[in-house]
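**Student:** Sharing protein-v9.cif, mmCIF, C-alpha atoms:
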data_structure
loop_
_atom_site.label_atom_id
_atom_site.label_comp_id
_atom_site.auth_asym_id
_atom_site.auth_seq_id
_atom_site.Cartn_x
_atom_site.Cartn_y
_atom_site.Cartn_z
CA MET A 1 2.53 -8.81 19.81
CA LYS A 2 3.75 -5.22 19.83
CA LYS A 3 4.95 -5.65 16.26
CA TYR A 4 1.52 -6.78 15.15
CA LEU A 5 -0.24 -3.97 16.98
CA ALA A 6 2.16 -1.47 15.42
CA GLU A 7 1.30 -2.82 11.97
CA MET A 8 -2.40 -2.53 12.79
CA VAL A 9 -2.08 1.09 13.90
CA GLY A 10 0.15 2.01 10.97
CA THR A 11 -2.21 0.52 8.39
CA MET A 12 -5.18 2.18 10.08
CA VAL A 13 -3.49 5.57 9.74
CA LEU A 14 -2.53 4.89 6.11
CA VAL A 15 -6.11 4.01 5.11
CA LEU A 16 -7.74 6.75 7.16
CA MET A 17 -5.43 9.49 5.91
CA GLY A 18 -4.88 8.34 2.33
CA CYS A 19 -8.45 7.32 1.54
CA GLY A 20 -9.73 10.17 3.68
CA VAL A 21 -7.95 12.75 1.52
CA ALA A 22 -9.21 11.04 -1.64
CA VAL A 23 -12.79 11.37 -0.34
CA SER A 24 -12.37 14.87 1.05
CA LEU A 25 -10.83 16.28 -2.13
CA GLY A 26 -13.07 14.30 -4.49
CA CYS A 27 -10.22 12.54 -6.28
CA ASP A 28 -11.06 12.28 -10.00
CA PRO A 29 -8.13 11.46 -12.33
CA VAL A 30 -9.89 13.09 -15.30
CA ASN A 31 -11.71 16.12 -13.94
CA ASN A 32 -9.85 16.98 -10.72
CA ILE A 33 -6.11 16.78 -11.21
CA PRO A 34 -5.23 18.82 -8.07
CA ALA A 35 -7.09 16.19 -6.01
CA VAL A 36 -5.00 13.48 -7.64
CA VAL A 37 -1.82 15.24 -6.54
CA GLY A 38 -3.23 15.76 -3.05
CA THR A 39 -4.20 12.10 -2.75
CA ALA A 40 -0.78 10.93 -3.93
CA LEU A 41 0.90 13.18 -1.38
CA ALA A 42 -1.43 11.97 1.38
CA PHE A 43 -0.50 8.32 0.90
CA GLY A 44 3.19 9.12 0.65
CA LEU A 45 3.20 11.38 3.70
CA ALA A 46 1.25 8.79 5.71
CA VAL A 47 3.94 6.22 4.95
CA VAL A 48 6.73 8.63 5.90
CA ALA A 49 4.98 9.52 9.17
CA MET A 50 4.39 5.91 10.11
CA ALA A 51 7.90 4.84 9.05
CA TYR A 52 9.38 7.17 11.64
CA THR A 53 6.71 6.26 14.19
CA ILE A 54 6.67 2.45 14.11
CA GLY A 55 9.61 1.61 11.85
CA GLY A 56 11.79 0.72 14.81
CA ILE A 57 9.09 -1.58 16.20
CA SER A 58 7.79 -3.56 13.24
CA GLY A 59 9.69 -2.25 10.22
CA CYS A 60 6.52 -0.42 9.13
CA HIS A 61 5.36 -2.71 6.34
CA ILE A 62 1.68 -1.63 6.65
CA ASN A 63 1.17 -3.47 3.36
CA PRO A 64 0.79 -7.24 2.77
CA ALA A 65 2.67 -6.92 -0.52
CA ILE A 66 5.74 -5.58 1.29
CA THR A 67 5.44 -8.35 3.85
CA LEU A 68 5.31 -10.94 1.08
CA GLY A 69 8.45 -9.40 -0.45
CA CYS A 70 10.21 -9.73 2.90
CA ILE A 71 9.13 -13.36 3.24
CA LEU A 72 10.34 -14.26 -0.24
CA THR A 73 13.71 -12.59 0.31
CA GLY A 74 14.22 -14.38 3.62
CA ARG A 75 13.93 -11.34 5.87
CA MET A 76 11.12 -12.89 7.92
CA ASP A 77 9.46 -16.29 8.27
CA ALA A 78 6.08 -17.09 6.79
CA LYS A 79 4.32 -17.51 10.15
CA GLU A 80 5.29 -14.05 11.34
CA GLY A 81 4.49 -12.66 7.90
CA CYS A 82 0.97 -14.07 7.99
CA MET A 83 0.39 -12.44 11.36
CA TYR A 84 1.62 -9.14 9.92
CA MET A 85 -0.88 -9.46 7.07
CA LEU A 86 -3.73 -10.29 9.44
CA PHE A 87 -3.14 -7.25 11.62
CA GLN A 88 -2.62 -5.04 8.58
CA CYS A 89 -6.08 -6.03 7.36
CA ILE A 90 -7.57 -5.41 10.81
CA GLY A 91 -6.01 -1.96 10.84
CA ALA A 92 -7.34 -1.23 7.36
CA PHE A 93 -10.87 -2.14 8.50
CA ILE A 94 -10.57 0.17 11.50
CA GLY A 95 -9.35 3.04 9.32
CA SER A 96 -12.09 2.47 6.75
CA ALA A 97 -14.76 2.20 9.45
CA LEU A 98 -13.65 5.52 10.94
CA LEU A 99 -13.83 7.12 7.50
CA CYS A 100 -17.32 5.71 6.93
CA LEU A 101 -18.37 7.13 10.30
CA LEU A 102 -17.09 10.56 9.28
CA THR A 103 -18.73 10.55 5.85
CA ALA A 104 -22.04 9.30 7.27
CA ASN A 105 -22.21 12.51 9.28
CA SER A 106 -21.32 14.84 6.41
CA VAL A 107 -22.19 15.55 2.79
CA LEU A 108 -19.20 13.50 1.64
CA ASP A 109 -19.60 10.01 0.23
CA GLY A 110 -17.41 7.03 -0.59
CA THR A 111 -14.58 5.12 1.05
CA GLY A 112 -11.73 5.78 -1.36
CA ALA A 113 -12.08 2.25 -2.73
CA ASN A 114 -10.00 1.18 -5.70
CA ASP A 115 -11.71 0.40 -8.98
CA LEU A 116 -10.95 0.30 -12.69
CA GLN A 117 -11.07 3.80 -14.11
CA ASP A 118 -12.87 4.86 -17.28
CA GLY A 119 -11.49 3.15 -20.36
CA VAL A 120 -9.24 0.75 -18.44
CA THR A 121 -9.71 -2.96 -19.08
CA VAL A 122 -9.38 -5.71 -16.50
CA LEU A 123 -6.06 -6.72 -18.03
CA GLY A 124 -4.88 -3.12 -18.06
CA GLY A 125 -5.75 -2.67 -14.41
CA LEU A 126 -4.12 -5.95 -13.42
CA LEU A 127 -0.92 -5.09 -15.31
CA ALA A 128 -0.81 -1.64 -13.71
CA GLU A 129 -1.06 -3.12 -10.22
CA ILE A 130 1.60 -5.74 -10.97
CA ILE A 131 4.04 -3.26 -12.52
CA PHE A 132 3.71 -0.46 -10.01
CA THR A 133 3.67 -2.77 -6.99
CA CYS A 134 6.84 -4.35 -8.31
CA VAL A 135 8.49 -0.93 -8.53
CA PHE A 136 7.27 0.10 -5.09
CA VAL A 137 8.26 -3.10 -3.29
CA LEU A 138 11.63 -3.10 -5.05
CA VAL A 139 12.27 0.38 -3.63
CA VAL A 140 11.30 -0.88 -0.17
CA LEU A 141 13.59 -3.90 -0.39
CA GLY A 142 16.50 -1.83 -1.66
CA ALA A 143 16.08 1.12 0.69
CA THR A 144 15.89 -1.10 3.77
CA ALA A 145 18.60 -3.61 2.82
CA LYS A 146 21.56 -3.86 5.17
CA THR A 147 23.65 -4.90 2.18
CA ASN A 148 22.94 -1.64 0.34
CA GLY A 149 25.19 0.81 2.14
CA ALA A 150 23.65 3.59 4.22
CA THR A 151 20.46 3.92 2.18
CA ASN A 152 18.38 2.47 5.03
CA ASN A 153 19.06 5.62 7.06
CA PHE A 154 16.64 7.44 4.77
CA ALA A 155 14.39 4.51 3.95
CA GLY A 156 11.19 6.10 5.27
CA LEU A 157 11.59 9.17 3.09
CA ALA A 158 12.56 7.18 -0.01
CA ILE A 159 9.64 4.80 0.38
CA GLY A 160 7.13 7.58 0.99
CA LEU A 161 8.30 9.57 -2.04
CA SER A 162 8.22 6.47 -4.24
CA LEU A 163 4.62 5.87 -3.17
CA VAL A 164 3.75 9.43 -4.19
CA LEU A 165 5.32 8.78 -7.59
CA VAL A 166 3.49 5.47 -8.03
CA HIS A 167 0.17 7.12 -7.18
CA LEU A 168 0.72 9.95 -9.65
CA VAL A 169 1.21 7.42 -12.44
CA CYS A 170 -1.27 4.72 -11.45
CA ILE A 171 -4.33 6.61 -10.14
CA ARG A 172 -5.60 7.07 -13.71
CA TYR A 173 -5.66 3.28 -14.19
CA THR A 174 -6.90 1.81 -10.91
CA GLY A 175 -6.95 4.55 -8.30
CA THR A 176 -3.67 2.94 -7.14
CA SER A 177 -3.70 0.10 -4.67
CA VAL A 178 -0.27 -1.59 -4.57
CA ASN A 179 -1.54 -2.72 -1.15
CA PRO A 180 -4.15 -5.48 -0.71
CA ALA A 181 -5.14 -4.35 2.80
CA ARG A 182 -5.71 -0.79 1.61
CA SER A 183 -8.10 -2.11 -1.07
CA LEU A 184 -9.87 -4.83 0.91
CA ALA A 185 -11.59 -2.81 3.62
CA PRO A 186 -12.81 0.16 1.50
CA ALA A 187 -14.18 -2.20 -1.16
CA ILE A 188 -16.17 -4.22 1.38
CA PHE A 189 -17.64 -1.05 2.88
CA GLN A 190 -18.42 0.44 -0.55
CA GLY A 191 -19.58 -2.66 -2.44
CA GLY A 192 -20.58 -2.48 -6.12
CA THR A 193 -17.93 -2.71 -8.82
CA ALA A 194 -15.19 -1.93 -6.28
CA LEU A 195 -16.02 -5.21 -4.55
CA ALA A 196 -16.49 -7.11 -7.81
CA ASN A 197 -13.04 -6.02 -9.01
CA LEU A 198 -11.35 -6.48 -5.64
CA TRP A 199 -9.47 -9.57 -6.82
CA ILE A 200 -7.39 -7.35 -9.14
CA PHE A 201 -6.12 -5.38 -6.15
CA ILE A 202 -5.18 -8.51 -4.26
CA VAL A 203 -3.70 -10.65 -7.04
CA GLY A 204 -1.89 -7.76 -8.78
CA PRO A 205 0.04 -6.48 -5.75
CA PHE A 206 1.01 -9.97 -4.61
CA VAL A 207 2.31 -10.89 -8.08
CA GLY A 208 4.14 -7.57 -8.28
CA ALA A 209 5.72 -8.17 -4.87
CA ALA A 210 6.92 -11.61 -5.95
CA CYS A 211 8.48 -10.09 -9.07
CA ALA A 212 10.21 -7.44 -6.94
CA ALA A 213 11.62 -10.12 -4.64
CA CYS A 214 13.04 -12.00 -7.62
CA ILE A 215 14.62 -8.85 -9.03
CA TRP A 216 16.14 -7.91 -5.68
CA LYS A 217 17.66 -11.37 -5.28
CA LEU A 218 19.40 -10.84 -8.62
CA VAL A 219 20.91 -7.46 -7.74
CA ASP A 220 21.38 -7.71 -3.96
CA PRO A 221 25.10 -7.49 -3.05
CA ALA A 222 26.52 -10.73 -1.64
CA GLU A 223 28.12 -9.09 1.38
CA LYS A 224 27.09 -6.42 3.88
#
Could you rewrite the structure in this file as structure tokens?
**Tutor:**
Amino acid sequence: MKKYLAEMVGTMVLVLMGCGVAVSLGCDPVNNIPAVVGTALAFGLAVVAMAYTIGGISGCHINPAITLGCILTGRMDAKEGCMYMLFQCIGAFIGSALLCLLTANSVLDGTGANDLQDGVTVLGGLLAEIIFTCVFVLVVLGATAKTNGATNNFAGLAIGLSLVLVHLVCIRYTGTSVNPARSLAPAIFQGGTALANLWIFIVGPFVGAACAACIWKLVDPAEK
């Protein structure tokens, strides 16, 4: 149970801090580039912080796509993985609810929900989420692999920095999800097109995670 609670807390922090910075800075990939950089850093730093806080307890997935990658590569069983995903979503709802409480008592508005950006088609958004989730989950699988030398000693930093990089590229397309839990709660609180397009930010990351698992199986060394 402690693993599941750790995942809940970690995902809560990720959503509260990452989406909170996006709302506070007014993240706009066209008209407010500094806010884009700040938002990317916020998500990456949140992952680094949580990796060194709960990594030794649960592995710090705080992302159903990462959990799916671990299931498909045999690092955890499906039952435990489903419980991880459930508590990740609960944590995301707590984080999003706290952010809504803060914005309701200020001049700020929004929940940091993902949505298709101006000029981006449904297919474009879906491809972006698949591609960049694949890259991100592949980094996670490689950085934490016991068969990949000593890279797992710095896994938290590598994963956090890769998430910053993914956000810098992908925010202009979808606001960057690569995490179904991170998208689910804010979209439900915000409604509108964010909720209508929510399926993109669930299907895309899961497909991307499956692709990453397949790639890692191909390149993973046979021996520790």
**Student:** For A:Pro221, please output as a ChimeraX atom specification all residues within 12 Å (counting all atoms listed in the file; exclusion window: fewer than 6 positions along the same chain).
**Tutor:** /A:142,145-149
**Student:** Which residues are close to A:Leu5, i.e. within 9 Å by all atoms listed in the file, leaving aside same-chain residues fewer than 3 positions away? Reply as JSON, numbers by chain.
**Tutor:** {"A": [1, 2, 8, 9, 10, 58, 84, 87, 88, 91]}
**Student:** Please report the interatomic distance between atom CA of A:Met50 and atom CA of A:Lys3 in Å with one decimal.
**Tutor:**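 Between atom CA of A:Met50 and atom CA of A:Lys3 the gap works out to 13.1 Å.
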**Student:** Pull out every residue that the PyMOL selection byres ((chain A and resi 213) around 10) matches in the shown coordinates and put them as a CSV table (one decimal) with C-alpha atoms, in the frame of the given file.
**Tutor:**
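Produced file result-v9.csv, reproduced below:
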chain,number,residue,atom,x,y,z
A,66,ILE,CA,5.7,-5.6,1.3
A,68,LEU,CA,5.3,-10.9,1.1
A,69,GLY,CA,8.4,-9.4,-0.4
A,70,CYS,CA,10.2,-9.7,2.9
A,71,ILE,CA,9.1,-13.4,3.2
A,72,LEU,CA,10.3,-14.3,-0.2
A,73,THR,CA,13.7,-12.6,0.3
A,74,GLY,CA,14.2,-14.4,3.6
A,134,CYS,CA,6.8,-4.4,-8.3
A,137,VAL,CA,8.3,-3.1,-3.3
A,138,LEU,CA,11.6,-3.1,-5.0
A,141,LEU,CA,13.6,-3.9,-0.4
A,207,VAL,CA,2.3,-10.9,-8.1
A,208,GLY,CA,4.1,-7.6,-8.3
A,209,ALA,CA,5.7,-8.2,-4.9
A,210,ALA,CA,6.9,-11.6,-6.0
A,211,CYS,CA,8.5,-10.1,-9.1
A,212,ALA,CA,10.2,-7.4,-6.9
A,214,CYS,CA,13.0,-12.0,-7.6
A,215,ILE,CA,14.6,-8.8,-9.0
A,216,TRP,CA,16.1,-7.9,-5.7
A,217,LYS,CA,17.7,-11.4,-5.3
A,218,LEU,CA,19.4,-10.8,-8.6
**Student:** Any chance you could tabulate, as a Markdown table, the residues of stretch 150-224 of chain A at most 8 Å from stretch 123-126 of chain A with each one's nearest atom pair and distance in Å to one decimal, using all atoms listed in the file, in chain and rising number order?
**Tutor:**
| residue | atom | partner | partner_atom | distance |
| --- | --- | --- | --- | --- |
| A:Tyr173 | CA | A:Gly125 | CA | 6.0 |
| A:Thr174 | CA | A:Gly125 | CA | 5.8 |
| A:Ile200 | CA | A:Leu126 | CA | 5.6 |
| A:Phe201 | CA | A:Leu126 | CA | 7.6 |
| A:Val203 | CA | A:Leu126 | CA | 7.9 |
| A:Gly204 | CA | A:Leu126 | CA | 5.5 |
**Student:** For the selection just defined, write its residues with C-alpha atoms to a file, as a short mmCIF file (atom, residue, chain, number, x, y, z; two decimals), in the coordinates of the input.
**Tutor:**
data_model
loop_
_atom_site.label_atom_id
_atom_site.label_comp_id
_atom_site.auth_asym_id
_atom_site.auth_seq_id
_atom_site.Cartn_x
_atom_site.Cartn_y
_atom_site.Cartn_z
CA TYR A 173 -5.66 3.28 -14.19
CA THR A 174 -6.90 1.81 -10.91
CA ILE A 200 -7.39 -7.35 -9.14
CA PHE A 201 -6.12 -5.38 -6.15
CA VAL A 203 -3.70 -10.65 -7.04
CA GLY A 204 -1.89 -7.76 -8.78
#
**Student:** Within 8 Å of (-9.8, -5.3, -2.3), only C-alpha atoms: residues as a list of chain:residue names?
**Tutor:**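 Every polymer residue passing the test: A:Ala113, A:Asn114, A:Pro180, A:Ala181, A:Arg182, A:Ser183, A:Leu184, A:Ala185, A:Pro186, A:Ala187, A:Ile188, A:Ala194, A:Leu195, A:Asn197, A:Leu198, A:Trp199, A:Ile200, A:Phe201, A:Ile202.
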**Student:** Report the residues retrieved by the PyMOL selection byres ((chain A and resi 165) around 10) from the displayed file, expressed as a count of residues only.
**Tutor:** 17
**Student:** Quote the spacing between atom CA of A:Phe93 and atom CA of A:Val48 in Å to one decimal place.
**Tutor:**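 Straight-line distance from atom CA of A:Phe93 to atom CA of A:Val48 works out to 20.8 Å.
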**Student:** With distances taken over all atoms listed in the file, which residue among A:Asn179, A:Ala42, A:Asn152, A:Ile90 lies nearest A:Cys27?
**Tutor:**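 That would be A:Ala42, the residue with the smallest distance to A:Cys27.
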**Student:** Of the residues A:Gly192, A:Gly38, A:Gly81, A:Gly55, which is the one nearest to A:Gly20, using only C-alpha atoms?
**Tutor:**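 Smallest distance to A:Gly20 is found for A:Gly38.
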**Student:** As an exercise, work out the distance from atom CA of A:Met12 to atom CA of A:Asp28 in Å and give it to one decimal place.
**Tutor:**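 Those two atoms sit 23.2 Å apart.
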**Student:** May I ask which of the residues A:Val219, A:Val36, A:Val13, A:Leu45 is the closest one to A:Ile94, counting all atoms listed in the file?
**Tutor:**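 Between A:Val219, A:Val36, A:Val13, A:Leu45, the residue approaching A:Ile94 most closely is A:Val13.
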**Student:** For each of A:Ala22, A:Leu14, A:Ile131, A:Ala97, take the minimum atom-to-atom distance to A:Cys60, counting all atoms listed in the file, then give the residue where this is smallest.
**Tutor:** A:Leu14
**Student:** How would stretch 86-110 of chain A read, as a JSON list (two decimals), in the coordinates of the input, once N, CA and C atoms are built in?
**Tutor:**
[["chain", "number", "residue", "atom", "x", "y", "z"],
["A", 86, "LEU", "N", -2.46, -10.27, 8.72],
["A", 86, "LEU", "CA", -3.73, -10.29, 9.44],
["A", 86, "LEU", "C", -3.97, -8.96, 10.15],
["A", 87, "PHE", "N", -2.98, -8.49, 10.87],
["A", 87, "PHE", "CA", -3.14, -7.25, 11.62],
["A", 87, "PHE", "C", -3.17, -6.02, 10.71],
["A", 88, "GLN", "N", -2.51, -6.11, 9.56],
["A", 88, "GLN", "CA", -2.62, -5.04, 8.58],
["A", 88, "GLN", "C", -4.06, -4.91, 8.08],
["A", 89, "CYS", "N", -4.69, -6.04, 7.82],
["A", 89, "CYS", "CA", -6.08, -6.03, 7.36],
["A", 89, "CYS", "C", -7.02, -5.51, 8.45],
["A", 90, "ILE", "N", -6.76, -5.91, 9.69],
["A", 90, "ILE", "CA", -7.57, -5.41, 10.81],
["A", 90, "ILE", "C", -7.44, -3.88, 10.90],
["A", 91, "GLY", "N", -6.22, -3.40, 10.80],
["A", 91, "GLY", "CA", -6.01, -1.96, 10.84],
["A", 91, "GLY", "C", -6.70, -1.24, 9.70],
["A", 92, "ALA", "N", -6.67, -1.84, 8.51],
["A", 92, "ALA", "CA", -7.34, -1.23, 7.36],
["A", 92, "ALA", "C", -8.85, -1.13, 7.60],
["A", 93, "PHE", "N", -9.43, -2.16, 8.20],
["A", 93, "PHE", "CA", -10.87, -2.14, 8.50],
["A", 93, "PHE", "C", -11.19, -1.06, 9.52],
["A", 94, "ILE", "N", -10.33, -0.88, 10.51],
["A", 94, "ILE", "CA", -10.57, 0.17, 11.50],
["A", 94, "ILE", "C", -10.51, 1.55, 10.83],
["A", 95, "GLY", "N", -9.48, 1.76, 10.01],
["A", 95, "GLY", "CA", -9.35, 3.04, 9.32],
["A", 95, "GLY", "C", -10.52, 3.32, 8.40],
["A", 96, "SER", "N", -10.96, 2.30, 7.66],
["A", 96, "SER", "CA", -12.09, 2.47, 6.75],
["A", 96, "SER", "C", -13.39, 2.69, 7.51],
["A", 97, "ALA", "N", -13.56, 2.01, 8.64],
["A", 97, "ALA", "CA", -14.76, 2.20, 9.45],
["A", 97, "ALA", "C", -14.83, 3.62, 10.01],
["A", 98, "LEU", "N", -13.69, 4.14, 10.44],
["A", 98, "LEU", "CA", -13.65, 5.52, 10.94],
["A", 98, "LEU", "C", -14.01, 6.51, 9.83],
["A", 99, "LEU", "N", -13.51, 6.25, 8.62],
["A", 99, "LEU", "CA", -13.83, 7.12, 7.50],
["A", 99, "LEU", "C", -15.31, 7.06, 7.15],
["A", 100, "CYS", "N", -15.88, 5.86, 7.18],
["A", 100, "CYS", "CA", -17.32, 5.71, 6.93],
["A", 100, "CYS", "C", -18.14, 6.46, 7.99],
["A", 101, "LEU", "N", -17.68, 6.41, 9.23],
["A", 101, "LEU", "CA", -18.37, 7.13, 10.30],
["A", 101, "LEU", "C", -18.35, 8.63, 10.04],
["A", 102, "LEU", "N", -17.21, 9.13, 9.58],
["A", 102, "LEU", "CA", -17.09, 10.56, 9.28],
["A", 102, "LEU", "C", -17.98, 10.96, 8.11],
["A", 103, "THR", "N", -17.95, 10.18, 7.03],
["A", 103, "THR", "CA", -18.73, 10.55, 5.85],
["A", 103, "THR", "C", -20.23, 10.40, 6.07],
["A", 104, "ALA", "N", -20.62, 9.48, 6.96],
["A", 104, "ALA", "CA", -22.04, 9.30, 7.27],
["A", 104, "ALA", "C", -22.62, 10.52, 7.96],
["A", 105, "ASN", "N", -21.76, 11.32, 8.58],
["A", 105, "ASN", "CA", -22.21, 12.51, 9.28],
["A", 105, "ASN", "C", -21.78, 13.79, 8.56],
["A", 106, "SER", "N", -21.69, 13.69, 7.23],
["A", 106, "SER", "CA", -21.32, 14.84, 6.41],
["A", 106, "SER", "C", -21.95, 14.68, 5.03],
["A", 107, "VAL", "N", -21.67, 15.63, 4.15],
["A", 107, "VAL", "CA", -22.19, 15.55, 2.79],
["A", 107, "VAL", "C", -21.28, 14.72, 1.89],
["A", 108, "LEU", "N", -20.14, 14.28, 2.42],
["A", 108, "LEU", "CA", -19.20, 13.50, 1.64],
["A", 108, "LEU", "C", -19.67, 12.06, 1.51],
["A", 109, "ASP", "N", -19.18, 11.39, 0.47],
["A", 109, "ASP", "CA", -19.60, 10.01, 0.23],
["A", 109, "ASP", "C", -18.42, 9.21, -0.30],
["A", 110, "GLY", "N", -18.45, 7.90, -0.07],
["A", 110, "GLY", "CA", -17.41, 7.03, -0.59],
["A", 110, "GLY", "C", -16.41, 6.62, 0.48]]
